[in-house]
file final.cif (mmCIF, C-alpha atoms and all ligand atoms)
data_query
loop_
_atom_site.label_atom_id
_atom_site.label_comp_id
_atom_site.auth_asym_id
_atom_site.auth_seq_id
_atom_site.Cartn_x
_atom_site.Cartn_y
_atom_site.Cartn_z
CA VAL A 1 -35.85 -111.17 60.93
CA ILE A 2 -35.55 -114.40 62.92
CA ALA A 3 -35.75 -117.69 61.01
CA LEU A 4 -36.91 -121.04 62.45
CA ARG A 5 -37.43 -124.36 60.77
CA CYS A 6 -39.80 -127.19 61.66
CA GLN A 7 -38.84 -130.52 60.14
CA PRO A 8 -40.85 -133.53 61.32
CA ALA A 9 -39.43 -136.81 60.00
CA GLY A 10 -40.67 -137.66 56.51
CA GLU A 11 -42.69 -134.43 56.13
CA PRO A 12 -42.03 -131.24 54.19
CA ALA A 13 -40.27 -128.57 56.26
CA THR A 14 -41.91 -125.40 57.51
CA GLU A 15 -39.82 -122.26 57.26
CA VAL A 16 -40.84 -119.63 59.82
CA ARG A 17 -39.80 -115.97 59.55
CA ILE A 18 -40.52 -113.58 62.40
CA GLY A 19 -40.14 -109.78 62.51
CA ASP A 20 -40.86 -106.55 60.65
CA GLY A 21 -40.14 -107.15 56.97
CA ALA A 22 -40.50 -110.94 57.19
CA GLY A 23 -42.98 -110.81 54.29
CA ALA A 24 -40.11 -110.23 51.85
CA ALA A 25 -39.81 -114.02 51.81
CA PHE A 26 -42.82 -114.15 49.46
CA ALA A 27 -41.43 -112.30 46.48
CA GLU A 28 -39.14 -115.05 45.18
CA ARG A 29 -41.39 -117.97 46.10
CA ALA A 30 -44.57 -116.54 44.60
CA ARG A 31 -43.07 -115.86 41.20
CA ASP A 32 -44.94 -117.58 38.31
CA ARG A 33 -47.46 -119.23 40.60
CA ARG A 34 -51.14 -118.70 41.23
CA VAL A 35 -51.46 -117.61 44.88
CA PHE A 36 -54.95 -117.89 46.33
CA ALA A 37 -54.98 -115.60 49.37
CA LEU A 38 -57.75 -116.46 51.80
CA VAL A 39 -57.82 -113.28 53.82
CA ASP A 40 -59.79 -111.99 56.79
CA GLU A 41 -61.68 -108.99 55.40
CA VAL A 42 -60.81 -107.05 58.54
CA ILE A 43 -57.25 -106.75 57.16
CA ALA A 44 -58.41 -104.67 54.18
CA GLU A 45 -60.81 -102.71 56.40
CA LEU A 46 -57.89 -101.75 58.65
CA GLY A 47 -55.79 -100.74 55.63
CA LEU A 48 -53.27 -103.52 56.31
CA GLN A 49 -53.60 -105.43 53.02
CA PRO A 50 -50.30 -105.39 51.13
CA ALA A 51 -50.05 -104.67 47.40
CA THR A 52 -49.37 -107.86 45.43
CA PRO A 53 -48.73 -108.75 41.78
CA PRO A 54 -51.58 -109.99 39.53
CA ASN A 55 -50.85 -113.67 40.12
CA TRP A 56 -52.31 -113.23 43.65
CA VAL A 57 -56.10 -113.70 43.93
CA TRP A 58 -57.60 -112.23 47.09
CA HIS A 59 -60.60 -114.04 48.55
CA PRO A 60 -61.98 -112.10 51.56
CA VAL A 61 -63.83 -113.91 54.35
CA ARG A 62 -65.18 -112.78 57.70
CA GLY A 63 -62.90 -114.22 60.42
CA GLY A 64 -64.41 -115.84 63.50
CA GLU A 65 -65.48 -119.27 64.67
CA GLY A 66 -68.49 -119.21 62.29
CA LEU A 67 -66.05 -119.47 59.37
CA LYS A 68 -64.91 -122.98 60.27
CA THR A 69 -67.68 -125.00 58.59
CA MET A 70 -67.84 -127.71 55.92
CA ALA A 71 -70.10 -125.41 53.88
CA MET A 72 -67.50 -122.65 53.94
CA ALA A 73 -64.78 -125.11 52.93
CA GLU A 74 -66.85 -126.02 49.85
CA THR A 75 -67.36 -122.33 49.01
CA VAL A 76 -63.61 -121.70 49.21
CA LEU A 77 -62.71 -124.83 47.20
CA ARG A 78 -65.13 -123.77 44.43
CA ALA A 79 -63.69 -120.25 44.41
CA MET A 80 -60.24 -121.80 44.01
CA VAL A 81 -61.36 -123.69 40.90
CA GLN A 82 -62.99 -120.54 39.51
CA ALA A 83 -59.77 -118.60 40.16
CA GLY A 84 -57.86 -121.06 37.98
CA CYS A 85 -55.93 -122.79 40.77
CA ASP A 86 -54.24 -126.11 39.98
CA ARG A 87 -51.86 -128.52 41.75
CA GLY A 88 -49.00 -126.04 41.48
CA SER A 89 -50.96 -123.23 43.13
CA VAL A 90 -50.53 -122.16 46.72
CA LEU A 91 -53.09 -121.18 49.32
CA CYS A 92 -51.96 -118.32 51.54
CA ALA A 93 -54.08 -117.89 54.69
CA VAL A 94 -53.95 -114.31 55.98
CA GLY A 95 -55.83 -113.92 59.25
CA GLY A 96 -56.32 -115.29 62.73
CA GLY A 97 -56.56 -118.92 63.78
CA THR A 98 -59.96 -119.39 62.17
CA VAL A 99 -58.76 -118.32 58.71
CA GLY A 100 -55.61 -120.42 59.24
CA ASP A 101 -57.60 -123.52 60.25
CA LEU A 102 -60.04 -123.21 57.33
CA GLY A 103 -57.29 -122.28 54.85
CA GLY A 104 -55.13 -125.22 55.90
CA PHE A 105 -58.14 -127.55 55.61
CA CYS A 106 -58.89 -126.35 52.05
CA ALA A 107 -55.21 -126.50 51.02
CA SER A 108 -55.03 -130.10 52.21
CA LEU A 109 -58.10 -131.08 50.16
CA PHE A 110 -57.73 -129.11 46.92
CA ALA A 111 -56.29 -131.42 44.20
CA ARG A 112 -55.44 -133.83 47.08
CA GLY A 113 -53.26 -131.21 48.71
CA ILE A 114 -51.46 -128.08 47.57
CA GLU A 115 -48.81 -125.92 49.21
CA LEU A 116 -49.91 -123.77 52.15
CA TRP A 117 -48.50 -120.50 53.48
CA GLN A 118 -49.65 -118.88 56.70
CA VAL A 119 -49.65 -115.17 57.52
CA PRO A 120 -51.05 -115.00 61.06
CA THR A 121 -52.61 -111.63 61.93
CA THR A 122 -53.70 -112.24 65.54
CA THR A 123 -51.57 -112.74 68.64
CA LEU A 124 -52.92 -116.25 69.12
CA ALA A 125 -52.18 -117.29 65.54
CA MET A 126 -48.65 -115.82 65.68
CA LEU A 127 -47.79 -117.50 68.97
CA ASP A 128 -49.34 -120.84 68.25
CA SER A 129 -51.80 -121.88 65.56
CA ALA A 130 -49.94 -120.95 62.34
CA VAL A 131 -47.23 -123.54 63.05
CA GLY A 132 -47.81 -127.24 63.61
CA GLY A 133 -50.00 -128.29 60.71
CA LYS A 134 -53.34 -128.87 62.41
CA THR A 135 -56.31 -127.79 60.29
CA ALA A 136 -59.93 -127.94 61.37
CA VAL A 137 -63.55 -127.12 60.83
CA ASN A 138 -66.34 -127.49 63.37
CA LEU A 139 -69.53 -129.53 63.35
CA PRO A 140 -72.71 -128.54 65.20
CA GLU A 141 -71.77 -131.42 67.56
CA GLY A 142 -68.46 -129.88 68.57
CA LYS A 143 -65.38 -127.84 67.83
CA ASN A 144 -62.56 -129.00 65.53
CA LEU A 145 -64.18 -132.41 65.01
CA VAL A 146 -63.14 -132.56 61.34
CA GLY A 147 -59.62 -131.81 60.20
CA THR A 148 -56.36 -132.83 58.62
CA VAL A 149 -52.65 -132.46 59.30
CA HIS A 150 -51.14 -130.25 56.59
CA PRO A 151 -48.17 -128.11 57.68
CA ALA A 152 -47.51 -124.81 55.93
CA THR A 153 -44.23 -124.62 54.02
CA LEU A 154 -43.85 -120.93 54.91
CA VAL A 155 -45.08 -118.97 57.94
CA VAL A 156 -44.52 -115.22 58.01
CA VAL A 157 -45.02 -113.41 61.33
CA GLU A 158 -45.25 -109.62 60.95
CA PRO A 159 -46.03 -108.05 64.37
CA ALA A 160 -47.26 -104.87 62.61
CA PHE A 161 -50.60 -106.60 61.95
CA LEU A 162 -51.39 -106.32 65.68
CA VAL A 163 -51.60 -102.51 65.84
CA CYS A 164 -55.41 -102.58 65.78
CA GLU A 165 -56.00 -105.90 67.53
CA PRO A 166 -58.58 -105.41 70.29
CA GLU A 167 -57.00 -105.45 73.76
CA ARG A 168 -59.09 -108.41 74.93
CA ASN A 169 -57.95 -110.62 72.03
CA TYR A 170 -54.32 -109.56 72.47
CA ARG A 171 -54.40 -110.45 76.16
CA ALA A 172 -56.16 -113.74 75.45
CA GLY A 173 -53.57 -114.64 72.80
CA LEU A 174 -50.72 -114.17 75.25
CA ALA A 175 -52.21 -116.99 77.35
CA GLU A 176 -50.85 -119.42 74.72
CA ALA A 177 -47.33 -118.09 75.37
CA ILE A 178 -47.86 -118.56 79.12
CA LYS A 179 -48.97 -122.12 78.36
CA MET A 180 -45.82 -122.78 76.33
CA GLY A 181 -43.57 -121.25 79.03
CA LEU A 182 -45.22 -123.08 81.91
CA GLY A 183 -45.36 -126.45 80.21
CA LEU A 184 -42.25 -126.51 78.04
CA ASP A 185 -39.74 -123.70 78.45
CA ALA A 186 -38.58 -122.11 81.71
CA GLU A 187 -36.66 -119.42 79.81
CA LEU A 188 -39.80 -118.32 77.98
CA PHE A 189 -41.59 -118.26 81.33
CA ALA A 190 -38.84 -115.99 82.74
CA LEU A 191 -39.04 -113.77 79.65
CA LEU A 192 -42.78 -113.36 80.17
CA GLU A 193 -42.11 -112.41 83.80
CA ARG A 194 -39.34 -109.97 82.92
CA ASP A 195 -41.15 -108.22 80.04
CA ALA A 196 -44.66 -108.31 81.50
CA ALA A 197 -45.03 -104.52 81.77
CA VAL A 198 -43.79 -103.85 78.21
CA LEU A 199 -45.92 -106.63 76.75
CA ARG A 200 -49.06 -105.69 78.65
CA GLN A 201 -48.96 -101.91 78.19
CA ARG A 202 -47.71 -101.70 74.58
CA ARG A 203 -46.66 -98.05 75.10
CA ASP A 204 -43.48 -97.84 73.04
CA ARG A 205 -43.82 -99.52 69.62
CA ALA A 206 -40.13 -100.40 69.21
CA GLU A 207 -39.72 -101.70 72.78
CA TRP A 208 -42.92 -103.74 72.52
CA SER A 209 -41.97 -105.18 69.13
CA THR A 210 -38.59 -106.40 70.41
CA ALA A 211 -40.17 -108.05 73.45
CA PHE A 212 -43.00 -109.53 71.41
CA VAL A 213 -40.73 -110.97 68.72
CA GLY A 214 -38.69 -112.58 71.52
CA VAL A 215 -41.81 -114.23 72.94
CA VAL A 216 -43.05 -115.42 69.52
CA HIS A 217 -39.59 -116.82 68.77
CA ARG A 218 -39.41 -118.86 71.98
CA SER A 219 -43.07 -119.94 71.86
CA LEU A 220 -42.78 -121.25 68.31
CA ALA A 221 -39.40 -122.85 69.03
CA ALA A 222 -40.94 -124.70 71.99
CA LYS A 223 -43.88 -125.82 69.86
CA ILE A 224 -41.61 -126.88 67.00
CA ALA A 225 -39.49 -129.04 69.33
CA VAL A 226 -42.64 -130.98 70.25
CA VAL A 227 -44.21 -131.09 66.77
CA GLU A 228 -41.00 -132.38 65.17
CA GLN A 229 -41.20 -135.45 67.41
CA ASP A 230 -44.94 -136.03 67.18
CA LEU A 231 -46.71 -134.25 64.31
CA ARG A 232 -49.81 -136.45 64.56
CA GLU A 233 -50.29 -136.25 68.34
CA THR A 234 -49.83 -139.82 69.39
CA GLY A 235 -47.78 -138.89 72.46
CA ARG A 236 -45.65 -135.91 73.31
CA ARG A 237 -47.74 -133.40 71.34
CA ARG A 238 -50.45 -133.86 73.95
CA LEU A 239 -48.30 -131.59 76.15
CA LEU A 240 -49.46 -128.70 73.97
CA ASN A 241 -52.96 -129.30 75.35
CA LEU A 242 -51.96 -127.86 78.74
CA GLY A 243 -54.95 -125.84 79.93
CA HIS A 244 -57.08 -127.03 77.02
CA THR A 245 -59.08 -129.82 78.70
CA LEU A 246 -61.12 -127.33 80.69
CA GLY A 247 -60.31 -124.57 78.15
CA HIS A 248 -62.09 -126.27 75.25
CA ALA A 249 -65.02 -127.26 77.47
CA LEU A 250 -65.44 -123.64 78.58
CA GLU A 251 -65.16 -122.39 75.01
CA ALA A 252 -67.84 -124.84 73.88
CA TRP A 253 -70.07 -124.02 76.86
CA HIS A 254 -69.84 -120.29 76.06
CA GLN A 255 -70.58 -121.17 72.40
CA GLY A 256 -67.56 -119.23 71.18
CA SER A 257 -68.53 -115.94 72.86
CA VAL A 258 -65.40 -115.96 75.07
CA PRO A 259 -61.97 -115.84 73.32
CA HIS A 260 -60.07 -119.13 73.12
CA GLY A 261 -57.09 -117.78 75.07
CA GLU A 262 -59.24 -116.62 77.99
CA CYS A 263 -60.70 -120.12 78.29
CA VAL A 264 -57.19 -121.61 78.10
CA ALA A 265 -56.00 -119.28 80.87
CA ARG A 266 -58.80 -120.52 83.14
CA GLY A 267 -57.83 -124.05 82.10
CA LEU A 268 -54.24 -123.33 83.19
CA TRP A 269 -55.48 -122.43 86.67
CA PHE A 270 -57.32 -125.76 86.74
CA ALA A 271 -54.20 -127.62 85.55
CA LEU A 272 -52.28 -126.03 88.45
CA ASP A 273 -54.98 -127.22 90.86
CA VAL A 274 -54.72 -130.74 89.40
CA ALA A 275 -50.92 -130.58 89.80
CA ARG A 276 -51.36 -129.59 93.44
CA GLU A 277 -53.84 -132.41 94.04
CA LEU A 278 -51.50 -134.99 92.46
CA GLY A 279 -48.46 -133.60 94.27
CA ALA A 280 -46.87 -133.14 90.83
CA MET A 281 -45.50 -129.61 91.34
CA ARG A 282 -43.95 -127.76 94.28
CA SER A 283 -46.30 -125.22 95.84
CA GLU A 284 -43.83 -122.29 95.42
CA GLU A 285 -43.81 -123.00 91.68
CA ILE A 286 -47.60 -123.21 91.59
CA GLU A 287 -47.69 -119.78 93.28
CA ARG A 288 -45.19 -118.42 90.74
CA ALA A 289 -47.29 -119.66 87.82
CA GLY A 290 -50.45 -118.17 89.34
CA ALA A 291 -48.65 -114.84 89.81
CA LEU A 292 -47.71 -114.76 86.11
CA LEU A 293 -51.28 -115.46 85.04
CA ARG A 294 -52.47 -112.59 87.26
CA ARG A 295 -49.85 -110.21 85.81
CA TYR A 296 -51.42 -110.80 82.40
CA GLN A 297 -54.90 -110.16 83.87
CA HIS A 298 -55.93 -113.81 83.81
CA HIS A 299 -57.61 -114.18 87.18
CA ARG A 300 -58.97 -117.35 88.69
CA MET A 301 -62.66 -116.68 88.08
CA PRO A 302 -65.13 -119.02 89.81
CA LEU A 303 -66.81 -121.52 87.47
CA LEU A 304 -70.49 -120.76 87.66
CA MET A 305 -71.76 -123.29 85.12
CA PRO A 306 -73.00 -126.78 86.13
CA VAL A 307 -70.14 -129.32 86.34
CA ASP A 308 -72.28 -131.93 84.55
CA GLU A 309 -72.46 -129.71 81.48
CA LEU A 310 -68.71 -129.07 81.49
CA MET A 311 -67.98 -132.78 81.95
CA ALA A 312 -70.13 -133.61 78.91
CA PHE A 313 -67.83 -131.40 76.80
CA VAL A 314 -64.67 -132.76 78.46
CA LEU A 315 -65.68 -136.33 77.62
CA ARG A 316 -66.50 -135.52 73.99
CA ASP A 317 -63.09 -133.93 73.42
CA LYS A 318 -60.36 -135.51 71.32
CA LYS A 319 -58.15 -135.84 74.42
CA VAL A 320 -60.33 -138.73 75.67
CA ASP A 321 -59.26 -142.21 74.71
CA SER A 322 -60.60 -145.56 76.03
CA GLY A 323 -62.43 -143.84 78.87
CA VAL A 324 -59.45 -141.92 80.32
CA VAL A 325 -58.64 -138.27 79.82
CA HIS A 326 -55.06 -137.56 78.68
CA PHE A 327 -54.47 -134.56 80.90
CA ALA A 328 -51.40 -132.34 80.57
CA VAL A 329 -50.16 -131.64 84.11
CA PRO A 330 -47.49 -129.04 84.87
CA THR A 331 -44.69 -130.59 86.95
CA GLY A 332 -42.55 -127.47 87.38
CA ILE A 333 -41.85 -124.16 85.66
CA GLY A 334 -41.10 -125.24 82.07
CA THR A 335 -41.92 -128.93 82.48
CA SER A 336 -45.09 -130.98 82.17
CA GLU A 337 -46.29 -134.49 81.52
CA VAL A 338 -49.43 -136.20 80.27
CA ARG A 339 -51.25 -138.28 82.86
CA PRO A 340 -54.25 -140.52 82.25
CA LEU A 341 -56.94 -139.29 84.62
CA GLU A 342 -60.19 -140.99 85.53
CA PRO A 343 -63.23 -138.88 84.62
CA GLY A 344 -64.51 -139.35 88.20
CA LEU A 345 -61.42 -137.64 89.64
CA LEU A 346 -61.69 -134.78 87.15
CA ARG A 347 -65.33 -134.27 88.07
CA ARG A 348 -64.51 -134.09 91.80
CA LEU A 349 -61.74 -131.57 91.12
CA LEU A 350 -63.99 -129.48 88.87
CA GLU A 351 -66.62 -129.40 91.61
CA ARG A 352 -64.07 -127.63 93.81
CA GLU A 353 -63.30 -124.97 91.20
N1 LIG B 1 -54.45 -125.18 64.31
C1 LIG B 1 -53.98 -125.02 65.53
O1 LIG B 1 -52.96 -125.59 65.92
C2 LIG B 1 -54.71 -124.11 66.48
C3 LIG B 1 -54.13 -123.77 67.71
C4 LIG B 1 -54.81 -122.89 68.55
C5 LIG B 1 -56.04 -122.35 68.15
N2 LIG B 1 -56.57 -122.71 66.94
C6 LIG B 1 -57.84 -122.15 66.49
O2 LIG B 1 -57.67 -120.75 66.31
C7 LIG B 1 -58.94 -120.10 66.46
C8 LIG B 1 -58.76 -118.87 67.30
O3 LIG B 1 -57.85 -118.01 66.66
P1 LIG B 1 -58.00 -116.41 66.78
O4 LIG B 1 -58.11 -116.05 68.21
O5 LIG B 1 -56.92 -115.83 65.96
O6 LIG B 1 -59.46 -116.18 66.16
P2 LIG B 1 -60.03 -115.45 64.87
O7 LIG B 1 -59.43 -115.91 63.62
O8 LIG B 1 -61.50 -115.56 65.02
O9 LIG B 1 -59.62 -113.92 65.10
C9 LIG B 1 -60.20 -113.20 66.18
C10 LIG B 1 -60.85 -111.90 65.69
O10 LIG B 1 -59.82 -111.00 65.29
C11 LIG B 1 -60.07 -110.47 64.00
N3 LIG B 1 -58.76 -110.13 63.45
C12 LIG B 1 -57.90 -110.88 62.73
N4 LIG B 1 -56.76 -110.22 62.50
C13 LIG B 1 -56.91 -109.00 63.07
C14 LIG B 1 -56.06 -107.85 63.16
N5 LIG B 1 -54.82 -107.86 62.67
N6 LIG B 1 -56.51 -106.76 63.81
C15 LIG B 1 -57.76 -106.77 64.35
N7 LIG B 1 -58.60 -107.82 64.31
C16 LIG B 1 -58.17 -108.92 63.68
C17 LIG B 1 -60.85 -111.54 63.32
O11 LIG B 1 -61.65 -111.03 62.27
C18 LIG B 1 -61.71 -112.08 64.45
O12 LIG B 1 -62.85 -111.27 64.62
C19 LIG B 1 -59.88 -121.11 67.06
O13 LIG B 1 -60.77 -121.57 66.07
C20 LIG B 1 -58.95 -122.26 67.49
O14 LIG B 1 -59.59 -123.51 67.45
C21 LIG B 1 -55.93 -123.55 66.10
#

call {"tool": "encode", "arguments": {"input": "final.cif", "output": "structure tokens"}}
result
Amino acid sequence: VIALRCQPAGEPATEVRIGDGAGAAFAERARDRRVFALVDEVIAELGLQPATPPNWVWHPVRGGEGLKTMAMAETVLRAMVQAGCDRGSVLCAVGGGTVGDLGGFCASLFARGIELWQVPTTTLAMLDSAVGGKTAVNLPEGKNLVGTVHPATLVVVEPAFLVCEPERNYRAGLAEAIKMGLGLDAELFALLERDAAVLRQRRDRAEWSTAFVGVVHRSLAAKIAVVEQDLRETGRRRLLNLGHTLGHALEAWHQGSVPHGECVARGLWFALDVARELGAMRSEEIERAGALLRRYQHHRMPLLMPVDELMAFVLRDKKVDSGVVHFAVPTGIGTSEVRPLEPGLLRRLLERE
């Protein structure tokens, strides 16, 4: 089991444990406490729900974007009261990014904030969303428009949860690792190149698990290095939005019917085009990044929707500030920077996509 620690200044630390058997970390910490486990019901349906002592209360929910609503947050908070939770209780979110986002939101609100644990069960949540403290629910007006910053104290990554993950979601989740490698960590990028066949095909369980744990380790380490400096996204954390300016707009346009990671992958292609236009990245490196995206089956699909509609979503996003878009631009393999871009330029570039 690999251990990582995220310690932003003045905030509680997050302990991250990655690998088969990482869940052993719960036994000691859960003793004598009420643990409210908000769990994706798919976990029980797949026979993956672990046995727990009676101080754990299981609250099943149906994972998916529809879960992230204010109404659902109220339902969960009321269930927590009914389950006898108090300020010393802990909320343990077991599921993908949607359960993690809702669970973190509820943990931050209940009794003005209780301890949060995260057990990510999707590729995307393991590689990215379970660490970093962002919580969110959606409004009809847009995605993630309401939220808090409430880091988990413990994150347990058990790759065994992924045995039944649908192929499309698995592939989409890996796009977040490509994002982290391209924007922040050349060694992670090289690892994704080297282990592409093992990671894509998932033939041998032991070989896959070793490669996957290596990728989760480096992805989370890269994210932690950024989050420790800028938990509340006033600067450097914006680098984690690489591929997400167009990615979020596409996700919103498709009304959640296309997985987050697939939209991010298309957004990474756009970020590479922006880098080329700005002369920010050498063309051999742009080719190398494109080749990696293709190896993970993320092709540069033409954008068939009207640019006006995409721009409306881009301008409503949280990355817009005083009329400029804070756009994460790759500047090499493993490096990136945030540039303020005029909406007019973005529109012209999108028209070429
Ligand atoms: N907080 C953050 O920093 C952050 C970062 C990135 C993304 N996100 C959010 O994460 C969400 C996307 O996460 P996601 O892709 O995990 O979505 P998700 O939670 O909807 O999970 C995807 C699907 O997989 C199912 N599932 C969960 N675990 C499974 C398993 N082990 N086997 C089979 N199926 C399983 C779910 O029921 C769901 O149908 C978005 O809402 C996004 O905004 C948050």

call {"tool": "residues_near_ligand", "arguments": {"input": "final.cif", "ligand": "ligand LIG 1 (chain B)", "cutoff": "6 Å", "atoms": "only C-alpha atoms and all ligand atoms", "output": "ChimeraX atom specification"}}
result
/A:40,42,63-65,95-99,101,121-122,124-125,128-129,132,134-135,161-162,164-165,260

call {"tool": "atom_distance", "arguments": {"input": "final.cif", "atom1": "CA of Leu188 in chain A", "atom2": "CA of Trp208 in chain A"}}
result
15.9 Å

call {"tool": "axis_aligned_box", "arguments": {"input": "final.cif", "around": "range 181-187 of chain A", "padding_each_side": "3 Å", "output": "AutoDock Vina command-line options"}}
result
--center_x -41.0 --center_y -123.0 --center_z 80.0 --size_x 14.7 --size_y 13.1 --size_z 9.9

call {"tool": "residues_around", "arguments": {"input": "final.cif", "residues": "Gly113 in chain A", "least_positions_apart": "6", "cutoff": "9 Å", "atoms": "only C-alpha atoms", "output": "PDB file with C-alpha atoms, keeping the file's coordinate frame"}}
result
ATOM      1  CA  ARG A  87     -51.860-128.520  41.750  1.00  0.00           C
ATOM      2  CA  CYS A 106     -58.890-126.350  52.050  1.00  0.00           C
ATOM      3  CA  ALA A 107     -55.210-126.500  51.020  1.00  0.00           C
ATOM      4  CA  HIS A 150     -51.140-130.250  56.590  1.00  0.00           C
TER       5      HIS A 150
END

call {"tool": "residues_around", "arguments": {"input": "final.cif", "residues": "range 83-86 of chain A", "least_positions_apart": "4", "cutoff": "9 Å", "atoms": "all atoms listed in the file", "output": "ChimeraX atom specification"}}
result
/A:34-36,57,78-79,90,110-111,114

call {"tool": "atom_distance", "arguments": {"input": "final.cif", "atom1": "CA of Val314 in chain A", "atom2": "CA of Val137 in chain A"}}
result
18.5 Å

call {"tool": "closest_residue", "arguments": {"input": "final.cif", "among": "A:Val131, A:Val163, A:Ala291, A:Ala312", "to": "Arg205 in chain A", "atoms": "only C-alpha atoms"}}
result
A:Val163

call {"tool": "atom_distance", "arguments": {"input": "final.cif", "atom1": "CA of Leu310 in chain A", "atom2": "CA of Leu250 in chain A"}}
result
7.0 Å

call {"tool": "closest_atom_pairs", "arguments": {"input": "final.cif", "of": "range 252-343 of chain A", "to": "range 218-241 of chain A", "cutoff": "12 Å", "atoms": "only C-alpha atoms", "output": "Markdown table"}}
result
| residue | atom | partner | partner_atom | distance |
| --- | --- | --- | --- | --- |
| A:Val264 | CA | A:Asn241 | CA | 9.2 |
| A:Ala265 | CA | A:Asn241 | CA | 11.8 |
| A:Gly267 | CA | A:Asn241 | CA | 9.8 |
| A:Leu268 | CA | A:Asn241 | CA | 9.9 |
| A:Ala271 | CA | A:Asn241 | CA | 10.4 |
| A:Asp317 | CA | A:Asn241 | CA | 11.3 |
| A:Lys318 | CA | A:Arg238 | CA | 10.4 |
| A:Lys319 | CA | A:Arg238 | CA | 8.0 |
| A:Val320 | CA | A:Arg238 | CA | 11.1 |
| A:Asp321 | CA | A:Thr234 | CA | 11.1 |
| A:Val325 | CA | A:Arg238 | CA | 11.0 |
| A:His326 | CA | A:Arg238 | CA | 7.6 |
| A:Phe327 | CA | A:Asn241 | CA | 7.8 |
| A:Ala328 | CA | A:Leu239 | CA | 5.5 |
| A:Val329 | CA | A:Leu239 | CA | 8.2 |
| A:Pro330 | CA | A:Leu239 | CA | 9.1 |
| A:Thr331 | CA | A:Leu239 | CA | 11.4 |
| A:Gly334 | CA | A:Ala222 | CA | 10.1 |
| A:Thr335 | CA | A:Leu239 | CA | 9.4 |
| A:Ser336 | CA | A:Leu239 | CA | 6.8 |
| A:Glu337 | CA | A:Leu239 | CA | 6.4 |
| A:Val338 | CA | A:Leu239 | CA | 6.3 |
| A:Arg339 | CA | A:Leu239 | CA | 9.9 |
| A:Pro340 | CA | A:Arg238 | CA | 11.3 |

call {"tool": "closest_residue", "arguments": {"input": "final.cif", "among": "A:Leu192, A:Cys6, A:Leu48, A:Cys263", "to": "Gly133 in chain A", "atoms": "only C-alpha atoms"}}
result
A:Cys6

call {"tool": "closest_residue", "arguments": {"input": "final.cif", "among": "A:Leu292, A:Ala249, A:Val1, A:Ala275", "to": "Gly181 in chain A", "atoms": "all atoms listed in the file"}}
result
A:Leu292

call {"tool": "residues_around", "arguments": {"input": "final.cif", "residues": "Pro53 in chain A", "least_positions_apart": "6", "cutoff": "10 Å", "atoms": "all atoms listed in the file", "output": "list in words"}}
result
Ala27, Ala30, Arg31 and Val35 of chain A

call {"tool": "closest_residue", "arguments": {"input": "final.cif", "among": "A:Val16, A:Leu91, A:Ala186, A:Ala9", "to": "Ala37 in chain A", "atoms": "all atoms listed in the file"}}
result
A:Leu91

call {"tool": "closest_residue", "arguments": {"input": "final.cif", "among": "A:Asp185, A:Glu41, A:Glu285, A:Glu262", "to": "Val215 in chain A", "atoms": "all atoms listed in the file"}}
result
A:Asp185

call {"tool": "closest_residue", "arguments": {"input": "final.cif", "among": "A:Gly290, A:Gly279, A:Gly256, A:Gly183", "to": "Gly243 in chain A", "atoms": "only C-alpha atoms"}}
result
A:Gly183

call {"tool": "residues_around", "arguments": {"input": "final.cif", "residues": "Asp20 in chain A", "least_positions_apart": "2", "cutoff": "9 Å", "atoms": "all atoms listed in the file", "output": "compact mmCIF listing (two decimals) with C-alpha atoms, keeping the file's coordinate frame"}}
result
# COMPACT_ATOMS: atom_id res chain seq x y z
CA VAL A 1 -35.85 -111.17 60.93
CA ILE A 18 -40.52 -113.58 62.40
CA ALA A 22 -40.50 -110.94 57.19
CA GLY A 23 -42.98 -110.81 54.29
CA VAL A 157 -45.02 -113.41 61.33
CA GLU A 158 -45.25 -109.62 60.95
CA PRO A 159 -46.03 -108.05 64.37
CA ALA A 160 -47.26 -104.87 62.61
CA SER A 209 -41.97 -105.18 69.13

call {"tool": "residues_near_point", "arguments": {"input": "final.cif", "point": "(-62.1, -132.0, 60.4)", "cutoff": "10 Å", "atoms": "all atoms listed in the file", "output": "VMD selection string"}}
result
chain A and resid 68 to 70 101 to 102 105 134 to 139 143 to 149

call {"tool": "residues_near_point", "arguments": {"input": "final.cif", "point": "(-61.1, -118.6, 85.6)", "cutoff": "8 Å", "atoms": "only C-alpha atoms", "output": "ChimeraX atom specification"}}
result
/A:263,265-267,269,298-303
